[in-house]
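Notes follow once the structure below has been shown.
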Amino acid sequence: MQNRIVIGSQWGDEGKAKIVDFLTLESDIIIRFQGGANAGHTVIVDGVEFIFHLIPSGIMHEDKMCVIGNGVVLDPKQILKEIADLKEKGIDPTGRLKIADNAHVVLPWHIELDKLKEKQAGKAAIGTTGRGIGPCYSDKVNRHGVRVGDLLDEKELRPRIEDIASFRNKEFELLYNAPPIDAEEVIKEYLDLGNAIRDFVCDISGFLSESIKSCKSLIFEGAQGTILDVDHGTYPFVTSSNTVAGSACCGSGIGPTAITQAIGVVKAYTTRVGNGPFPTELNDEIGEKLRDIGGEIGATTGRERRCGWFDAPVVRKAAVVNGLTHLAITKLDVLDTFDEIKICTHYELEGQRVDFIPSQLSKVGRCKPVYETMPGWNQDTTKCREWDELPLNAQKYINRLSELVDVKVGMVSVGAWRDQSIVLDME
Ligand code: GDP
Ligand code: IMO
Ligand code: MG
């Protein structure tokens with residue numbers, strides 16, 4: 001029985017949802033614990049594509065429970081849309097989806113402010129997803145937030161919304177010359193939204209602790225990636241939550257002693273969407289080829305993802321800050337037609353070897369990636385289902401990645417479909 005945390009080990013979009021959906025086969029409960037609708041998690045089942053922003057990717061398995069933990073910032077309109085979309089495709093999450101009453105709520109001010117700040121920042125913009133994530137987490141930490149439970153009771157909701165409206169509307173007017181948002185309308189709308197999600201809302205911590213006691217197997221589904229973590233990433237070009245494995249416990253209300261594995265999902269190359277440093281970025285035809293073959297278009301914003309070679313200092317850092325026990329390497333098949341494949345083994349900074357991506361932007365900017373080149377395999381891997389079926393050069397490539405970051409490979413993904421998975425050692 002495993003309780004696994006599945007974490008993005010680069011800049012997000014590593015294929016976490018595909019891995020979570022696969023591992024759900026042998027689990028009972030899938031929990032989102034941070035981030036919000038900035039996430040775009042793609043699952044393909046029987047040829048049908050589902051993109052989840054808030055609902056855990058395990059929802060496709062009809063006998064499994066899914067949980068949105070307290071660490072998530074919840075946009076109630078978005079979750080209702082996802083529930084409706086699922087129902088339209090014949091999947092009813094009623095009775096299988098639980099939402100923490102102490103998760104914070106994304107309000108119209110947050111979404112508006114996210115966009116206003118980005119516009120005002122001009123060239124210094126972070127390139128956010130515009131989903132109100134940063135402003136919502138700021139209000140949470142500032143103790144001005146609204147929580148899911150507040151939506152169920154006007155006595156709780158009204159003073160909180162009035163509080164937020166009073167200072168955010170002033171901020172809109174004075175700093176951005178933007179029109180105010182009507183607090184009364186928001187109160188009415190969010191009470192209605194509260195009623196619509198009422199049956200899903202509960203105390204998650206209690207539910208999970210009982211589940212752990214009765215030996216249920218849990219998967220904590222990370223969103224974003226380690227180098228987008230607000231503390232450990234390329235600040236300020238990061239998201240506003242802790243994306244690392246340690247966040248799973250405080251974002252769901254369980255203790256660390258329940259966790260048995262931390263699985264780092266790693267693309268066989270690197271991508272980033274949004275602005276900020278990216279040492280191995282390829283602004284050439286190789287980068288374009290990766291983008292074309294990998295279908296590297298953002299699942300939330302539709303923006304093109306920036307592409308580059310595998311960056312060991314990035315994943316090495318992820319191994320350390322997450323305490324990774326396994327790697328799940330995805331999108332190996334995207335490299336099937338490359339004659340040569342480069343790996344950044346480390347950086348050089350003023351004559352010194354650097355093994356971990358630094359936290360300071362000025363340092364990252366001066367780091368020069370050092371590459372080694374491996375021969376490609378020029379063979380289709382998408383039909384491989386066992387390690388021995390992979391071409392020898394593909395095996396060597398995977399082994400080299402594992403050696404460079406000193407974490408064993410638990411599984412390899414060779415396509416977006418559930419069965420395009422090779423399990424090596426998930427114990
Ligand atoms: P997430 O945010 O980490 O869950 O990843 P996204 O869903 O944003 O992006 C991953 C994309 O790659 C999705 O379109 C997946 O369907 C796709 N994908 C996942 N694993 C594989 C794989 O092994 N090979 C290929 N070709 N595509 C994959
Ligand atoms: P998943 O879970 C990739 C990026 C944005 C931007 C920065 C801050 O699908 O891997 P935010 O809206 O969070 O304030 O934006 O973080 N970002 C992601 N990049 N995958 C994601 O999620 C992301 N969520 C946020 O592009 O650079
Ligand atoms: Mg994504």
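Following the order of the structure tokens, chains are lettered A, B, ..., residues in each are numbered from 1, and ligands are numbered from 1.
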Quiz item: Residues at most 10 Å from stretch 43-52 of chain A, counting only C-alpha atoms, excluding those fewer than 2 positions away in the same chain, as a PyMOL selection string?
Solution: chain A and resi 15-22+37+39-41+54-61+78-79+82-83+85-86+89+299-300+416-419
Excluding stretch 199-216 of chain A and any residue of its chain fewer than 5 positions from it, enumerate the residues within 7 Å of it, using only C-alpha atoms, and give them as an mmCIF file with N, CA, C and O atoms, in the first residue's frame.
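Here's the written file around_25.cif:
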```
data_model
loop_
_atom_site.group_PDB
_atom_site.id
_atom_site.type_symbol
_atom_site.label_atom_id
_atom_site.label_comp_id
_atom_site.auth_asym_id
_atom_site.auth_seq_id
_atom_site.Cartn_x
_atom_site.Cartn_y
_atom_site.Cartn_z
ATOM 1 N N ASP A 28 -6.755 4.617 -4.196
ATOM 2 C CA ASP A 28 -8.157 4.815 -3.826
ATOM 3 C C ASP A 28 -8.592 6.280 -3.856
ATOM 4 O O ASP A 28 -9.730 6.580 -4.182
ATOM 5 N N GLY A 69 -7.934 19.777 -1.804
ATOM 6 C CA GLY A 69 -7.480 20.082 -0.446
ATOM 7 C C GLY A 69 -7.486 21.569 -0.140
ATOM 8 O O GLY A 69 -7.671 22.419 -1.020
ATOM 9 N N LEU A 97 -16.414 13.357 -5.226
ATOM 10 C CA LEU A 97 -15.560 14.548 -5.196
ATOM 11 C C LEU A 97 -15.809 15.292 -3.897
ATOM 12 O O LEU A 97 -16.963 15.561 -3.540
ATOM 13 N N LYS A 98 -14.727 15.606 -3.202
ATOM 14 C CA LYS A 98 -14.854 16.363 -1.957
ATOM 15 C C LYS A 98 -14.005 17.619 -2.055
ATOM 16 O O LYS A 98 -12.899 17.588 -2.597
ATOM 17 N N ILE A 99 -14.545 18.717 -1.528
ATOM 18 C CA ILE A 99 -13.827 20.003 -1.558
ATOM 19 C C ILE A 99 -13.644 20.476 -0.118
ATOM 20 O O ILE A 99 -14.612 20.517 0.656
ATOM 21 N N ALA A 100 -12.408 20.846 0.225
ATOM 22 C CA ALA A 100 -12.119 21.275 1.603
ATOM 23 C C ALA A 100 -12.854 22.567 1.937
ATOM 24 O O ALA A 100 -12.795 23.535 1.164
ATOM 25 N N ASP A 101 -13.499 22.582 3.102
ATOM 26 C CA ASP A 101 -14.210 23.800 3.502
ATOM 27 C C ASP A 101 -13.238 24.942 3.819
ATOM 28 O O ASP A 101 -13.634 26.101 3.851
ATOM 29 N N SER A 252 -3.338 19.508 2.562
ATOM 30 C CA SER A 252 -4.449 18.554 2.653
ATOM 31 C C SER A 252 -4.771 18.197 4.100
ATOM 32 O O SER A 252 -5.752 17.508 4.362
ATOM 33 N N GLY A 253 -3.914 18.648 5.018
ATOM 34 C CA GLY A 253 -4.207 18.424 6.425
ATOM 35 C C GLY A 253 -3.886 17.032 6.916
ATOM 36 O O GLY A 253 -4.612 16.465 7.736
ATOM 37 N N ILE A 254 -2.788 16.464 6.402
ATOM 38 C CA ILE A 254 -2.333 15.175 6.953
ATOM 39 C C ILE A 254 -0.868 15.321 7.387
ATOM 40 O O ILE A 254 -0.196 16.276 6.990
#
```
Self-check item: Separation of atom CA of A:Thr129 from atom 7 (C, counted along the ligand's line) of ligand 2 in Å
Solution: 6.7 Å
Quiz prompt | Between atom CA of A:Ile133 and atom 12 (O, counted along the ligand's line) of ligand 2, distance in Å (one decimal) | solution =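 For atom CA of A:Ile133 relative to atom 12 (O, counted along the ligand's line) of ligand 2, the distance reads 5.6 Å.
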Self-check item: Which of stretch 228-308 of chain A fall in strand (DSSP E or B), as a PyMOL selection string
Solution: chain A and resi 261-267+270-272+281+297+304+306-308
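If you look at atom CA of A:Ala268 and atom 23 (O, counted along the ligand's line) of ligand 1, they are 8.9 Å away from each other.
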Practice problem: Kindly indicate which residue among A:Asn378, A:Ser166, A:Thr257, A:Thr301 lies nearest to ligand 1, using only C-alpha atoms and all ligand atoms for the distances. | Solution: A:Thr301
Would you give me, as a Markdown table, each residue of stretch 17-129 of chain A having an atom within 12 Å of an atom of stretch 170-186 of chain A, along with its shortest atom pair and that distance in Å to one decimal, using only C-alpha atoms and sorting by chain and residue number?
```
| residue | atom | partner | partner_atom | distance |
| --- | --- | --- | --- | --- |
| A:Val106 | CA | A:Val186 | CA | 11.7 |
| A:Leu107 | CA | A:Val186 | CA | 8.3 |
| A:Pro108 | CA | A:Ile181 | CA | 7.8 |
| A:Trp109 | CA | A:Ile181 | CA | 7.2 |
| A:His110 | CA | A:Ile181 | CA | 11.0 |
| A:Ile111 | CA | A:Ile181 | CA | 11.5 |
| A:Glu112 | CA | A:Phe172 | CA | 9.1 |
| A:Leu113 | CA | A:Phe172 | CA | 7.8 |
| A:Asp114 | CA | A:Phe172 | CA | 11.4 |
| A:Lys115 | CA | A:Tyr176 | CA | 10.7 |
| A:Leu116 | CA | A:Tyr176 | CA | 7.0 |
| A:Lys117 | CA | A:Tyr176 | CA | 8.4 |
| A:Glu118 | CA | A:Tyr176 | CA | 11.3 |
| A:Lys119 | CA | A:Tyr176 | CA | 9.8 |
| A:Gln120 | CA | A:Tyr176 | CA | 8.1 |
| A:Ala121 | CA | A:Tyr176 | CA | 11.5 |
```
Practice problem: Taking only C-alpha atoms and all ligand atoms into account, report as a VMD selection string which residues have an atom no farther than 7 Å from an atom of ligand 2. | Solution: chain A and resid 8 11 to 14 38 to 41 126 to 134 222 to 225 228 237 to 240 272 to 275 299
Quiz item: A:Gly233: which residues within 12 Å, counting only C-alpha atoms, same-chain residues fewer than 2 positions away excluded, as a PyMOL selection string?
Solution: chain A and resi 9-12+224-231+235-244+276-278+314-315+317-318+321+356-361+364
Written file, previous selection with C-alpha atoms, as a CSV table (one decimal), in the first residue's frame:
```
chain,number,residue,atom,x,y,z
A,9,SER,CA,10.2,18.3,-11.5
A,10,GLN,CA,10.7,21.0,-14.1
A,11,TRP,CA,8.5,24.1,-15.0
A,12,GLY,CA,5.2,22.3,-15.2
A,224,GLN,CA,2.9,23.3,-11.7
A,225,GLY,CA,6.5,22.2,-11.2
A,226,THR,CA,9.4,22.4,-8.7
A,227,ILE,CA,11.1,25.3,-10.4
A,228,LEU,CA,7.8,27.3,-10.3
A,229,ASP,CA,7.7,26.9,-6.5
A,230,VAL,CA,7.5,30.3,-4.8
A,231,ASP,CA,10.5,29.5,-2.6
A,235,TYR,CA,11.6,33.8,-8.2
A,236,PRO,CA,9.8,36.1,-9.1
A,237,PHE,CA,9.1,34.1,-12.3
A,238,VAL,CA,7.2,31.5,-10.3
A,239,THR,CA,3.7,30.7,-9.3
A,240,SER,CA,2.4,31.7,-5.8
A,241,SER,CA,2.2,28.4,-4.0
A,242,ASN,CA,4.7,25.8,-2.8
A,243,THR,CA,4.6,23.2,-5.5
A,244,VAL,CA,7.1,20.8,-3.8
A,276,GLY,CA,11.7,33.8,-16.9
A,277,PRO,CA,15.0,32.1,-17.2
A,278,PHE,CA,15.4,28.8,-19.1
A,314,VAL,CA,16.9,21.5,-12.8
A,315,VAL,CA,15.9,17.9,-12.0
A,317,LYS,CA,17.3,20.4,-7.6
A,318,ALA,CA,13.9,18.8,-7.8
A,321,VAL,CA,13.9,19.6,-2.5
A,356,PHE,CA,21.8,22.8,-9.1
A,357,ILE,CA,19.9,25.6,-10.8
A,358,PRO,CA,20.5,28.7,-8.5
A,359,SER,CA,17.6,30.5,-6.9
A,360,GLN,CA,18.9,34.0,-7.8
A,361,LEU,CA,17.9,35.2,-11.2
A,364,VAL,CA,20.8,31.8,-13.4
```
Quiz item: When DSSP works through the backbone of this structure, what residues of stretch 281-355 of chain A end up as helix (DSSP H, G or I), shown as a list in words?
Solution: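 Assigned to helix (DSSP H, G or I), within stretch 281-355 of chain A: Glu285, Ile286, Gly287, Glu288, Lys289, Leu290, Arg291, Asp292, Ile293, Gly294, Ala312, Pro313, Val314, Val315, Arg316, Lys317, Ala318, Ala319, Val320, Val321, Asn322, Leu332, Asp333, Val334 and Leu335 of chain A.
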